[in-house]
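Student: Take this structure first; my questions come after.
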Amino acid sequence: MTMGQDRGCAVDYANLYDEYWARPDRWQSHSFKDAGAMVEQILALGAGRMLDVGCGMGLIVHTLRERGIDAHGVDVSALVIEEGNRRAPGNFKLGSILELPFPDDSFDTVVCTDVLEHLAEEDVAVALAELYRVTKSSLFATIATRIDRDGRWHLTVQDRPWWENRLFAAGFRKHPLTQQVVGYGAIESERTQFTAAFQKMPATTVSKYPLASLRAERGLHMDMLRESGRRSDAHIARYELARRLVRPGCVVLDAACGLGYGAAVMCEETSAKRYIGIDNSQSAIDYAQTNFGAPLPTEFLLKDATDLGFLDDDSVDLFVSMETLEHLPHPDLFLKQIRRVLRKGGRVVLSVPNDWTDETGKDPNPHHLHVYDWQKLKKQVQVEFFVEAAYAQTAGGGMKLNSHPRRVLALDPQLDEQTAEAEWWLAIGVNR
């Protein structure tokens, strides 16, 4: 049995890719234009020991090693493994993605570029399980979403949501730094291939909180790091915007934190001293603590966002509350409480949906007590804070602006009227 026929796989990949690399037009070729740029994306997820699965001619491995990274490669083709070891002896190993020749949790980051689409669809689940097994922390992948130029090599041609959902099923979630790797707006330009940055979830956590359990209460809470699509990207982008305001030693408070994924976005690879997430749902707090607790500097408390009495005056540096104001009977009183707990010079980040009314003039969401536009948001916020920044966000695929791209547009915060189209408004205020 040749490598690549293990476990009854659909294709003899070893012979197929020895044939591929034997072609003069493919030898020394690469699926990416700039190895240095790709390595920068990979290193945004952190350093540590790395494995390039389906390494081909080994350029990513060599480029990582030039940066001082302990990098290794594995490929099903003996031809490219021999060439890799000629340049870096002992760093390349022959093996199939369907049965990787490494122990569990061997590599901090696993890289897999232009590989998964080359598998027959019936082999995808096995391959993802193997990537999960050998990964200790992070997975970086690029996956083509169209037929290759020869119409031969891409055996599974599916879109980004299809692949993301299978990665979720395999035990991965979107990496909290995913939009550090590919920015929110830049996702729009990924027409024929997309870049995926994922984080391995502990098997016990996946078992405790399977995807089906999340979908059951999707209308109330969702972990946007375990959901595909434009709306998920938009939620992550709002927390990514807040992440830029985290300073060394910051105390961060996230009111109505839901399932806590915002904690990971704001605390991963930042120097926050303490993150406090509060929500009035015990199940949400339990999920957040299990998924986004230690080693991050986080704590999650069962509290009502409208009652911040448990916090001392001047005790918070950055206060975040996404899509909360529209749910509150008295948002003005909430803003007064924020000002009390926020230190002088501290910042508050708020987001609200922009006029989600239907043809009847009412917001169809029964939990929304207020309808916002920019003027209303600014008027409320500036009573307590100096409005330092304003943003209009679109995602597309929703009730309004359905065909709009993913975009976060910075605006003049001092204008009372904004002409930009928006699905959400974001305001950043400073405690004077």
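Chain labels follow the order of the structure tokens: the first chain is A, the next B, and so on; residue numbering restarts at 1 in every chain, and ligands are counted from 1 in their shown order.
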Residues at most 12 Å from Met201 (chain A), counting only C-alpha atoms, excluding those fewer than 6 positions away in the same chain, as a list in words?
Tutor: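 The contact residues come out as Asp105, Tyr132, Arg133, Thr135, Lys136, Ser137, Ser138, Leu139, Leu167, Phe168, Ala169, Ala170, Gly171, Phe172, Arg173, Lys174, His175, Pro176, Ser207, Lys208, Tyr209, Pro210, Leu225, Arg226, Thr290, Asn291 and Phe292 of chain A.
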Student: Residues of region 32-187 of chain A in helix (DSSP H, G or I) according to DSSP, as a VMD selection string?
Tutor: chain A and resid 35 to 43 59 to 66 78 to 87 116 to 118 121 to 134 160 to 169 178 to 181 185 to 187
Student: Have a look at A:Leu131, A:Leu211, A:Leu253, A:Leu301 and name the one nearest to Ala288 (chain A); count only C-alpha atoms.
Tutor: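 Comparing A:Leu131, A:Leu211, A:Leu253, A:Leu301 against Ala288 (chain A), the winner is A:Leu301.
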Student: For Gln193 (chain A), work out the shell of residues within 9 Å, counting only C-alpha atoms and skipping chain neighbours fewer than 5 positions away, then give it as a PDB file with C-alpha atoms, in the first residue's frame.
Tutor:
ATOM      1  CA  ASP A 114      -3.265  24.941  -1.096  1.00  0.00           C
ATOM      2  CA  THR A 142      -5.290  28.765   2.491  1.00  0.00           C
ATOM      3  CA  ILE A 143      -7.980  26.984   0.509  1.00  0.00           C
ATOM      4  CA  ALA A 144      -8.940  27.501  -3.130  1.00  0.00           C
ATOM      5  CA  THR A 145     -12.630  27.847  -3.886  1.00  0.00           C
ATOM      6  CA  ARG A 146     -12.542  27.360  -7.671  1.00  0.00           C
ATOM      7  CA  ASP A 159     -16.958  27.981  -0.693  1.00  0.00           C
ATOM      8  CA  ARG A 160     -15.598  29.488   2.497  1.00  0.00           C
TER       9      ARG A 160
END
Student: I'd like the neighbourhood of region 32-38 of chain A as a PDB file with N, CA and C atoms, in the first residue's frame, where a residue qualifies if any of its atoms comes within 7 Å (using only C-alpha atoms), though same-chain residues fewer than 4 positions away should be ignored.
Tutor:
ATOM      1  N   ILE A  42       1.341  34.125   9.034  1.00  0.00           N
ATOM      2  CA  ILE A  42       1.455  32.976   9.939  1.00  0.00           C
ATOM      3  C   ILE A  42       1.963  33.415  11.304  1.00  0.00           C
ATOM      4  N   LEU A  59       9.205  26.039   0.450  1.00  0.00           N
ATOM      5  CA  LEU A  59       9.620  27.434   0.576  1.00  0.00           C
ATOM      6  C   LEU A  59       9.117  28.061   1.876  1.00  0.00           C
ATOM      7  N   ILE A  60       7.911  27.725   2.318  1.00  0.00           N
ATOM      8  CA  ILE A  60       7.407  28.277   3.579  1.00  0.00           C
ATOM      9  C   ILE A  60       8.277  27.807   4.743  1.00  0.00           C
ATOM     10  N   THR A  63      11.583  29.675   4.617  1.00  0.00           N
ATOM     11  CA  THR A  63      11.409  31.085   4.985  1.00  0.00           C
ATOM     12  C   THR A  63      11.192  31.229   6.485  1.00  0.00           C
TER      13      THR A  63
END
Student: CA of Asp148 (chain A) and CA of Asp18 (chain A) are how many Å apart?
Tutor: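 Taking CA of Asp148 (chain A) as the start and CA of Asp18 (chain A) as the end point, the length is 18.0 Å.
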Student: Using Å and a single decimal, report how far CA of Ala255 (chain A) sits from CA of Val320 (chain A).
Tutor: 6.3 Å
Student: List as a list in words the protein and nucleic acid residues near Pro353 (chain A), meaning an atom at most 10 Å away when only C-alpha atoms are counted, but skip any in the same chain fewer than 3 places from it.
Tutor: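 After dropping sequence-adjacent residues, the list is Met322, Glu323, Thr324, Leu325, Glu326, Trp356, Thr357, His368, His370, Val371, Tyr372, Asp373, Trp374, Gln393, Ala422, Glu423, Trp424, Trp425 and Leu426 of chain A.
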Student: List as an MDAnalysis selection string the protein and nucleic acid residues near Asp123 (chain A), meaning an atom at most 9 Å away when only C-alpha atoms are counted, but skip any in the same chain fewer than 2 places from it.
Tutor: chainID A and resid 9:11 98 119:121 125:128
Student: Any idea what the distance is between CA of Gly84 (chain A) and CA of Gly46 (chain A)?
Tutor: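 Pair CA of Gly84 (chain A) / CA of Gly46 (chain A) returns 24.1 Å.
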Student: Of the candidates A:Tyr20, A:Leu335, A:Ala242, A:Arg49, which one gets nearest to Ala78 (chain A) if we count only C-alpha atoms?
Tutor: A:Tyr20
Student: Need to verify the contact set: Arg274 (chain A), 8 Å, only C-alpha atoms, exclusion of same-chain residues closer than 5 positions in sequence. Can you return it as number ranges by chain?
Tutor: A: 249-252, 297-299
Student: Pull the strand (DSSP E) assignments for region 204-391 of chain A out of DSSP run on the backbone, and list those residues as JSON, numbers by chain.
Tutor: {"A": [251, 252, 253, 254, 255, 274, 275, 276, 277, 278, 279, 298, 299, 300, 301, 302, 316, 317, 318, 319, 320, 321, 322, 342, 343, 344, 345, 346, 347, 348, 349, 350, 351, 352, 353, 386, 387, 388, 389, 390, 391]}
